[in-house]
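Below is the file structure_16.cif, which contains mmCIF, C-alpha atoms and all ligand atoms.
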data_upload
loop_
_atom_site.label_atom_id
_atom_site.label_comp_id
_atom_site.auth_asym_id
_atom_site.auth_seq_id
_atom_site.Cartn_x
_atom_site.Cartn_y
_atom_site.Cartn_z
CA MET U 1 57.79 -58.17 86.80
CA LEU U 2 55.59 -56.85 83.99
CA LEU U 3 52.81 -54.75 85.54
CA THR U 4 51.91 -52.47 82.63
CA PRO U 5 48.25 -52.17 81.58
CA GLY U 6 48.91 -54.00 78.32
CA PRO U 7 50.69 -55.96 77.18
CA THR U 8 50.22 -58.23 80.20
CA PRO U 9 52.17 -61.45 80.88
CA VAL U 10 51.09 -64.56 78.95
CA PRO U 11 50.65 -67.55 81.31
CA GLU U 12 52.93 -70.52 80.66
CA PHE U 13 50.12 -72.97 79.83
CA VAL U 14 48.93 -70.57 77.11
CA ARG U 15 52.43 -70.19 75.67
CA LYS U 16 52.76 -73.96 75.59
CA ALA U 17 49.42 -74.43 73.83
CA MET U 18 50.48 -71.90 71.21
CA ALA U 19 53.84 -73.61 70.65
CA ASP U 20 52.33 -76.72 69.06
CA VAL U 21 52.68 -77.47 65.33
CA THR U 22 50.94 -75.09 62.91
CA ILE U 23 47.57 -76.30 61.71
CA HIS U 24 45.85 -75.14 58.54
CA HIS U 25 42.96 -72.75 59.13
CA ARG U 26 40.62 -74.46 56.62
CA THR U 27 40.45 -77.81 58.40
CA PRO U 28 37.88 -79.54 60.61
CA GLU U 29 40.47 -79.47 63.44
CA PHE U 30 40.74 -75.70 63.40
CA GLU U 31 37.02 -75.18 62.79
CA SER U 32 36.35 -77.15 65.95
CA ILE U 33 38.76 -74.96 67.96
CA PHE U 34 37.23 -71.86 66.37
CA GLY U 35 33.71 -72.99 67.27
CA GLN U 36 34.63 -73.67 70.89
CA THR U 37 36.36 -70.29 71.14
CA ARG U 38 33.27 -68.58 69.71
CA GLU U 39 31.07 -70.23 72.34
CA LEU U 40 33.39 -69.13 75.15
CA LEU U 41 33.48 -65.58 73.80
CA LEU U 42 29.69 -65.44 73.49
CA GLU U 43 29.53 -66.50 77.11
CA ILE U 44 31.95 -63.87 78.38
CA TYR U 45 30.23 -61.18 76.27
CA GLY U 46 26.64 -62.22 76.94
CA MET U 47 25.81 -61.00 73.41
CA ASP U 48 24.17 -62.42 70.28
CA GLU U 49 27.13 -62.58 67.90
CA VAL U 50 30.90 -62.30 67.97
CA VAL U 51 33.69 -61.89 65.43
CA MET U 52 37.44 -62.35 65.77
CA LEU U 53 39.74 -60.22 63.62
CA ALA U 54 43.44 -60.60 62.88
CA SER U 55 44.46 -57.11 64.03
CA SER U 56 45.25 -55.19 67.15
CA GLY U 57 42.38 -53.58 69.06
CA SER U 58 42.43 -50.45 66.90
CA GLY U 59 41.45 -52.55 63.86
CA ALA U 60 38.23 -53.51 65.62
CA MET U 61 37.69 -49.84 66.52
CA GLU U 62 38.04 -48.95 62.84
CA ALA U 63 35.72 -51.81 61.79
CA CYS U 64 33.03 -50.58 64.19
CA VAL U 65 33.30 -46.97 63.04
CA THR U 66 33.09 -47.84 59.34
CA ASN U 67 30.46 -50.58 59.63
CA LEU U 68 28.18 -49.04 62.23
CA THR U 69 27.95 -45.33 61.40
CA THR U 70 25.44 -44.44 58.71
CA LYS U 71 25.10 -40.69 59.22
CA LYS U 72 27.11 -39.23 62.05
CA ALA U 73 29.11 -40.45 65.02
CA LEU U 74 29.35 -39.10 68.55
CA THR U 75 32.75 -39.85 70.06
CA ILE U 76 33.63 -39.56 73.74
CA ASN U 77 37.13 -38.25 74.29
CA SER U 78 38.48 -38.45 77.84
CA GLY U 79 41.84 -39.72 76.67
CA LYS U 80 44.01 -41.11 73.91
CA PHE U 81 41.70 -44.00 73.03
CA GLY U 82 38.52 -41.94 72.92
CA GLU U 83 40.38 -39.45 70.75
CA ARG U 84 41.24 -42.34 68.40
CA PHE U 85 37.58 -42.91 67.50
CA GLY U 86 37.48 -39.31 66.25
CA LYS U 87 40.69 -39.78 64.29
CA ILE U 88 39.23 -42.87 62.61
CA CYS U 89 36.09 -40.92 61.62
CA LYS U 90 38.31 -38.21 60.16
CA ALA U 91 40.38 -40.73 58.21
CA PHE U 92 37.20 -42.09 56.56
CA ASP U 93 35.47 -38.72 56.11
CA ILE U 94 32.71 -39.82 58.46
CA PRO U 95 31.01 -36.81 60.11
CA TYR U 96 31.41 -36.79 63.89
CA THR U 97 31.07 -34.66 66.98
CA GLU U 98 33.14 -35.17 70.07
CA ILE U 99 32.57 -34.63 73.77
CA LYS U 100 35.95 -33.78 75.20
CA ASN U 101 36.88 -33.87 78.87
CA GLU U 102 40.12 -33.85 80.85
CA TRP U 103 41.71 -37.31 81.07
CA ASN U 104 40.67 -37.81 84.70
CA THR U 105 37.02 -36.96 84.00
CA PRO U 106 34.41 -39.45 82.80
CA VAL U 107 31.65 -38.22 80.50
CA SER U 108 28.30 -37.73 82.24
CA VAL U 109 25.01 -39.27 81.13
CA GLU U 110 23.62 -35.72 80.76
CA GLU U 111 26.38 -34.59 78.40
CA VAL U 112 25.65 -37.51 76.06
CA ILE U 113 21.87 -37.06 76.19
CA GLU U 114 22.23 -33.36 75.48
CA ALA U 115 24.48 -34.07 72.50
CA ILE U 116 22.05 -36.51 70.87
CA LYS U 117 19.07 -34.23 71.57
CA ASN U 118 20.89 -31.35 69.88
CA ASP U 119 21.95 -33.32 66.83
CA LYS U 120 19.41 -35.67 65.25
CA GLU U 121 21.99 -36.87 62.70
CA ILE U 122 23.89 -38.87 65.33
CA ASP U 123 23.19 -42.58 64.82
CA ALA U 124 26.19 -44.16 66.58
CA ILE U 125 28.02 -43.45 69.84
CA PHE U 126 31.62 -44.53 70.44
CA ILE U 127 32.91 -44.73 73.98
CA GLN U 128 35.51 -46.57 76.07
CA ILE U 129 34.32 -48.62 79.05
CA CYS U 130 37.69 -48.05 80.69
CA GLU U 131 39.71 -45.24 79.10
CA SER U 132 43.21 -46.58 79.63
CA ALA U 133 44.95 -43.24 79.08
CA GLY U 134 44.06 -42.16 82.62
CA GLY U 135 42.50 -45.38 83.94
CA LEU U 136 38.97 -44.01 84.28
CA ARG U 137 35.64 -45.81 84.06
CA HIS U 138 32.91 -44.19 81.94
CA PRO U 139 29.28 -44.84 83.05
CA VAL U 140 28.69 -46.75 79.80
CA GLU U 141 25.79 -48.94 80.93
CA GLU U 142 23.82 -45.95 82.30
CA ILE U 143 24.51 -43.95 79.15
CA ALA U 144 23.40 -46.84 76.93
CA LYS U 145 20.20 -47.30 78.92
CA GLU U 146 19.25 -43.61 78.72
CA VAL U 147 20.15 -43.32 75.05
CA LYS U 148 18.11 -46.40 74.13
CA ALA U 149 15.15 -45.10 76.14
CA LEU U 150 15.29 -41.93 74.09
CA ASN U 151 16.10 -43.42 70.69
CA LYS U 152 16.40 -47.16 70.09
CA SER U 153 17.98 -46.74 66.68
CA ILE U 154 21.19 -45.17 67.98
CA THR U 155 23.96 -47.77 67.96
CA ILE U 156 26.18 -47.92 71.03
CA VAL U 157 29.75 -49.09 70.48
CA ALA U 158 31.82 -49.68 73.61
CA ASP U 159 35.58 -50.19 73.55
CA GLY U 160 36.04 -52.80 76.26
CA ILE U 161 39.69 -53.58 75.60
CA THR U 162 40.53 -52.95 79.26
CA ALA U 163 37.11 -54.04 80.59
CA ILE U 164 36.21 -57.42 79.06
CA GLY U 165 37.88 -59.98 81.34
CA VAL U 166 38.23 -57.37 84.09
CA GLU U 167 34.66 -56.98 85.30
CA LYS U 168 31.18 -58.18 84.41
CA ILE U 169 29.80 -55.84 81.78
CA ASP U 170 26.04 -55.49 81.43
CA THR U 171 25.79 -55.64 77.64
CA THR U 172 21.95 -55.41 77.57
CA ASN U 173 21.93 -52.02 75.84
CA LEU U 174 25.25 -52.27 74.02
CA ASP U 175 25.39 -53.06 70.29
CA ALA U 176 29.10 -53.67 69.85
CA VAL U 177 31.78 -54.36 72.45
CA ILE U 178 35.40 -54.40 71.32
CA THR U 179 38.27 -56.19 72.95
CA GLY U 180 41.84 -57.17 72.15
CA SER U 181 44.17 -60.03 73.01
CA GLN U 182 47.01 -58.34 74.89
CA LYS U 183 45.29 -56.80 77.91
CA ALA U 184 42.88 -58.63 80.23
CA LEU U 185 42.90 -61.73 78.02
CA MET U 186 46.63 -62.28 78.65
CA LEU U 187 47.63 -63.17 75.09
CA PRO U 188 50.28 -61.76 72.79
CA PRO U 189 49.05 -58.80 70.69
CA GLY U 190 47.40 -59.35 67.29
CA LEU U 191 43.82 -60.51 67.83
CA ALA U 192 40.75 -58.30 68.21
CA MET U 193 37.20 -59.36 69.01
CA ILE U 194 33.82 -57.67 68.71
CA GLY U 195 30.69 -58.80 70.54
CA LEU U 196 27.55 -57.76 68.64
CA SER U 197 23.83 -57.41 69.30
CA ASN U 198 21.31 -58.69 66.73
CA VAL U 199 20.44 -55.06 66.02
CA ALA U 200 24.08 -54.33 65.18
CA VAL U 201 24.24 -57.42 62.96
CA SER U 202 21.18 -56.21 60.98
CA LYS U 203 22.66 -52.72 60.63
CA ILE U 204 25.94 -54.18 59.38
CA GLU U 205 24.20 -56.51 56.91
CA SER U 206 21.99 -53.74 55.53
CA GLN U 207 24.96 -51.56 54.58
CA ALA U 208 28.01 -53.79 54.15
CA LYS U 209 31.16 -51.70 53.91
CA GLY U 210 34.90 -52.05 53.43
CA PHE U 211 37.00 -54.99 52.41
CA TYR U 212 39.35 -56.48 55.01
CA PHE U 213 37.21 -55.08 57.82
CA ASN U 214 33.88 -55.79 56.16
CA LEU U 215 31.97 -57.14 59.15
CA ALA U 216 29.10 -58.49 57.03
CA THR U 217 31.54 -60.85 55.31
CA GLU U 218 33.11 -61.85 58.63
CA ILE U 219 29.81 -62.51 60.38
CA LYS U 220 28.66 -64.73 57.52
CA LYS U 221 31.87 -66.78 57.58
CA GLN U 222 32.35 -66.92 61.34
CA LYS U 223 28.84 -68.27 61.91
CA THR U 224 30.16 -71.35 60.08
CA ASN U 225 33.33 -71.47 62.21
CA THR U 226 35.71 -70.09 59.66
CA THR U 227 37.07 -66.65 58.78
CA ALA U 228 37.00 -64.52 55.63
CA TRP U 229 40.80 -64.25 55.52
CA THR U 230 43.52 -66.41 57.05
CA ALA U 231 42.70 -66.70 60.73
CA ALA U 232 45.20 -65.81 63.47
CA THR U 233 45.23 -69.53 64.32
CA THR U 234 47.93 -69.41 67.02
CA LEU U 235 46.24 -66.58 68.92
CA ILE U 236 42.82 -68.24 68.64
CA ILE U 237 44.29 -71.46 70.05
CA GLY U 238 45.68 -69.36 72.91
CA LEU U 239 42.33 -67.63 73.40
CA LYS U 240 40.49 -70.93 73.67
CA GLU U 241 43.09 -72.06 76.22
CA ILE U 242 42.84 -68.99 78.45
CA LEU U 243 39.05 -68.76 78.32
CA SER U 244 38.61 -72.47 79.13
CA HIS U 245 41.13 -72.10 81.95
CA ILE U 246 39.21 -69.19 83.47
CA LYS U 247 35.93 -71.06 83.09
CA ASN U 248 37.28 -74.24 84.68
CA SER U 249 39.12 -72.55 87.55
CA GLY U 250 36.29 -70.82 89.34
CA GLY U 251 34.64 -69.11 86.40
CA PHE U 252 34.58 -65.57 85.05
CA ASP U 253 32.86 -64.15 88.15
CA ALA U 254 35.66 -65.42 90.38
CA LEU U 255 38.21 -63.71 88.13
CA TYR U 256 36.25 -60.43 88.26
CA GLU U 257 36.05 -60.62 92.05
CA LYS U 258 39.78 -61.21 92.42
CA THR U 259 40.60 -58.37 90.07
CA ALA U 260 38.26 -55.97 91.88
CA LEU U 261 39.78 -56.84 95.24
CA ARG U 262 43.33 -56.46 93.94
CA ALA U 263 42.42 -53.06 92.45
CA LYS U 264 40.80 -51.92 95.68
CA ALA U 265 43.71 -53.13 97.84
CA SER U 266 46.22 -51.39 95.56
CA ARG U 267 44.27 -48.11 95.56
CA GLU U 268 43.88 -48.16 99.35
CA ALA U 269 47.55 -48.99 99.86
CA LEU U 270 48.71 -46.18 97.59
CA LYS U 271 46.29 -43.68 99.13
CA ALA U 272 47.57 -44.63 102.57
CA ILE U 273 51.09 -43.55 101.62
CA GLY U 274 49.85 -40.22 100.26
CA CYS U 275 49.45 -41.02 96.56
CA GLU U 276 46.76 -39.14 94.64
CA ILE U 277 44.53 -41.39 92.54
CA TYR U 278 44.23 -39.60 89.18
CA PRO U 279 40.80 -40.53 87.72
CA LYS U 280 37.60 -39.30 89.36
CA SER U 281 36.07 -42.71 88.66
CA PRO U 282 38.87 -45.30 88.79
CA ALA U 283 38.42 -48.46 86.70
CA ASP U 284 39.55 -51.80 88.13
CA ALA U 285 41.84 -52.54 85.17
CA MET U 286 44.64 -50.38 86.56
CA THR U 287 45.52 -47.89 89.26
CA THR U 288 46.69 -44.49 88.05
CA VAL U 289 48.57 -42.19 90.39
CA TYR U 290 49.08 -38.49 89.70
CA THR U 291 52.48 -37.20 90.77
CA GLU U 292 55.24 -35.01 89.37
CA ASN U 293 57.63 -37.70 90.63
CA ALA U 294 56.18 -40.35 88.31
CA PRO U 295 59.29 -40.66 86.08
CA ALA U 296 61.63 -40.96 89.10
CA ILE U 297 59.37 -43.50 90.82
CA ARG U 298 59.05 -45.58 87.63
CA LYS U 299 62.80 -45.54 87.12
CA LEU U 300 63.51 -46.76 90.66
CA LEU U 301 60.85 -49.45 90.35
CA LYS U 302 62.37 -50.72 87.13
CA THR U 303 66.06 -50.53 88.07
CA LYS U 304 66.00 -51.39 91.76
CA TYR U 305 62.81 -53.32 92.48
CA ASN U 306 62.26 -55.17 89.18
CA VAL U 307 58.76 -53.80 88.57
CA ASN U 308 57.86 -52.46 85.13
CA ILE U 309 54.89 -50.07 85.34
CA ALA U 310 53.58 -47.60 82.76
CA GLY U 311 53.78 -43.82 82.60
CA GLY U 312 51.36 -41.57 80.77
CA GLN U 313 51.04 -40.15 77.27
CA ASP U 314 50.82 -36.68 75.73
CA HIS U 315 50.20 -33.86 78.24
CA ILE U 316 50.29 -36.19 81.26
CA LYS U 317 53.26 -38.23 80.01
CA ASN U 318 55.39 -37.36 83.05
CA SER U 319 52.69 -36.78 85.63
CA ILE U 320 51.13 -40.21 86.13
CA PHE U 321 52.12 -43.81 86.62
CA ARG U 322 49.82 -46.77 85.98
CA ILE U 323 49.93 -50.17 87.66
CA ASN U 324 48.12 -53.01 85.91
CA HIS U 325 45.54 -55.25 87.61
CA MET U 326 44.38 -57.17 84.52
CA GLY U 327 44.99 -60.86 84.06
CA LEU U 328 46.26 -63.49 86.46
CA VAL U 329 48.31 -61.18 88.69
CA GLU U 330 49.39 -62.88 91.91
CA ASP U 331 48.67 -61.16 95.23
CA PHE U 332 52.36 -61.23 96.08
CA GLU U 333 53.12 -59.37 92.82
CA ALA U 334 50.56 -56.62 93.42
CA SER U 335 51.68 -56.37 97.04
CA TRP U 336 55.31 -56.09 96.00
CA ALA U 337 54.44 -53.32 93.54
CA VAL U 338 52.85 -51.01 96.15
CA ASN U 339 55.65 -51.86 98.55
CA ALA U 340 58.18 -50.86 95.90
CA VAL U 341 56.39 -47.53 95.38
CA GLU U 342 56.68 -46.86 99.11
CA LEU U 343 60.40 -47.74 99.07
CA ALA U 344 60.95 -45.48 96.05
CA MET U 345 59.16 -42.59 97.78
CA ASP U 346 61.43 -43.06 100.76
CA GLU U 347 64.48 -42.97 98.54
CA LEU U 348 63.26 -39.77 96.87
CA GLY U 349 62.77 -38.13 100.27
CA LEU U 350 59.01 -37.91 99.85
CA ARG U 351 57.92 -40.04 102.76
CA GLU U 352 59.75 -42.18 105.28
CA PHE U 353 59.27 -45.91 104.76
CA ASP U 354 57.27 -47.72 107.44
CA GLY U 355 55.62 -50.58 105.56
CA THR U 356 52.19 -48.92 105.38
CA ALA U 357 51.53 -49.78 101.72
CA ASN U 358 52.14 -53.47 102.25
CA ARG U 359 50.16 -53.56 105.50
CA VAL U 360 47.14 -51.84 103.95
CA PHE U 361 47.32 -54.00 100.82
CA LEU U 362 47.40 -57.22 102.84
CA ALA U 363 44.76 -56.11 105.34
CA THR U 364 42.39 -55.12 102.52
CA THR U 365 43.04 -58.36 100.65
CA PHE U 366 42.99 -60.84 103.51
CA LYS U 367 41.32 -59.14 106.46
CA GLY U 368 38.54 -57.45 104.57
CA ASN U 369 39.29 -53.89 105.66
C1 LIG U 401 45.08 -50.83 74.23
C2 LIG U 401 43.80 -50.17 73.95
C3 LIG U 401 43.31 -50.01 72.64
C4 LIG U 401 43.96 -50.40 71.39
O1 LIG U 401 44.94 -50.90 71.21
P1 LIG U 401 45.85 -51.58 70.13
O2 LIG U 401 47.17 -51.02 70.47
O3 LIG U 401 45.38 -51.21 68.80
O4 LIG U 401 45.67 -53.01 70.45
C5 LIG U 401 42.09 -49.41 72.48
N1 LIG U 401 41.36 -49.00 73.52
C6 LIG U 401 41.78 -49.14 74.78
C7 LIG U 401 40.91 -48.66 75.88
C8 LIG U 401 43.01 -49.73 75.05
O5 LIG U 401 43.42 -49.86 76.31
#
Same coordinates, now as structure tokens:
Amino acid sequence: MLLTPGPTPVPEFVRKAMADVTIHHRTPEFESIFGQTRELLLEIYGMDEVVMLASSGSGAMEACVTNLTTKKALTINSGKFGERFGKICKAFDIPYTEIKNEWNTPVSVEEVIEAIKNDKEIDAIFIQICESAGGLRHPVEEIAKEVKALNKSITIVADGITAIGVEKIDTTNLDAVITGSQKALMLPPGLAMIGLSNVAVSKIESQAKGFYFNLATEIKKQKTNTTAWTAATTLIIGLKEILSHIKNSGGFDALYEKTALRAKASREALKAIGCEIYPKSPADAMTTVYTENAPAIRKLLKTKYNVNIAGGQDHIKNSIFRINHMGLVEDFEASWAVNAVELAMDELGLREFDGTANRVFLATTFKGN
């Protein structure tokens, strides 16, 4: 059972759709698929424009840094992925300042406002919606609203790789929202997407930069349902399949509701057996537990209970475990995962097994408490 926060399992109907014969990317057949996928993406994003790139999520992060910073970037680092925005700036000699917090701590609205007040050069902010390194949720919408109220010309770029498809994101004040194929969108890795505001599109067009990741070129092409370079046809076919499926089986809101409930039930179940939830503001994409027994618990889950969950990275490599909630996870899978954690804790002599995790998970999911 794959319950890591990316990659997530690819549903069978998506795998089947992607197994059909290869079609050429410069054909009316593919342009039609591309156009339909674009429409579905615009709907899920609620934004003015969208581009699809043949790269993993980090490629879209790079494209946003290079295409949307004119003077100086502000990067928010509460984990590995926030840190990456800074590394990208460094690689391209783009000036940047960083707000750094511990990996369980979201940035505050005040910290961001103070930073832009103190440095008038900053014209783009880069932040994760969910920082997957510790599973925390940054208050991105509030930050964007306050920043725009202060200075409309500052571009807000949100990395929504573990947020788009997880929860409804208010993109009103966001200029670019990044996502990738292998997390909440349940596809194999290799496709990245960026939702864009009209303001972002104008900024990109006024200062076109780069070659492969030149977003001005991509926007121009993709408006006509084709891509600048060879499109990731198979993944786009898969994307159309999964997005139509979500739309036709209750809609995006139903998916967000189910995910939120699963996340809540998992958190409550784990708390009830004495687990410490790591982030101060947990995102619904995953549940992260802080414990020195993380490696031992993960090992038992994998070898004895057939559940593959993720550990941490860098300084918290061995002190957290992360259980995924993104995608079409069945209730019985999520329930089994918390149950397995309880069994593993029993085996490690941490707490005697009495079925609490399962009971709390099921009561929260089906009894509304
Ligand atoms: C997975 C992830 C990425 C980037 O991933 P790739 O490995 O390049 O696809 C970026 N940001 C967040 C928040 C992620 O979870």
* Find the residue from U:Leu68, U:Met193, U:Ala63, U:Val166 that sits nearest to Gln207 in chain U; use only C-alpha atoms when measuring. => U:Leu68
* Which is closest to Phe126 in chain U among U:Tyr96, U:Phe213, U:Phe353, U:Phe85, if we use only C-alpha atoms? -> U:Phe85
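Atom pair CA of Lys120 in chain U / CA of Ile94 in chain U has a distance of 15.5 Å (rounded to one decimal).
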* To do: Could I get the residue neighbourhood of ligand LIG 401 (chain U) at 9 Å, counting only C-alpha atoms and all ligand atoms, as a PyMOL selection string?
  => chain U and resi 5-7+55-61+80-82+84+128-133+135+159-163+178-183+189-192
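Between Lys90 in chain U and the candidates U:Val65, U:Val341, U:Trp103, U:Ile316, the tightest atom-to-atom separation, counting all atoms listed in the file, involves U:Val65.
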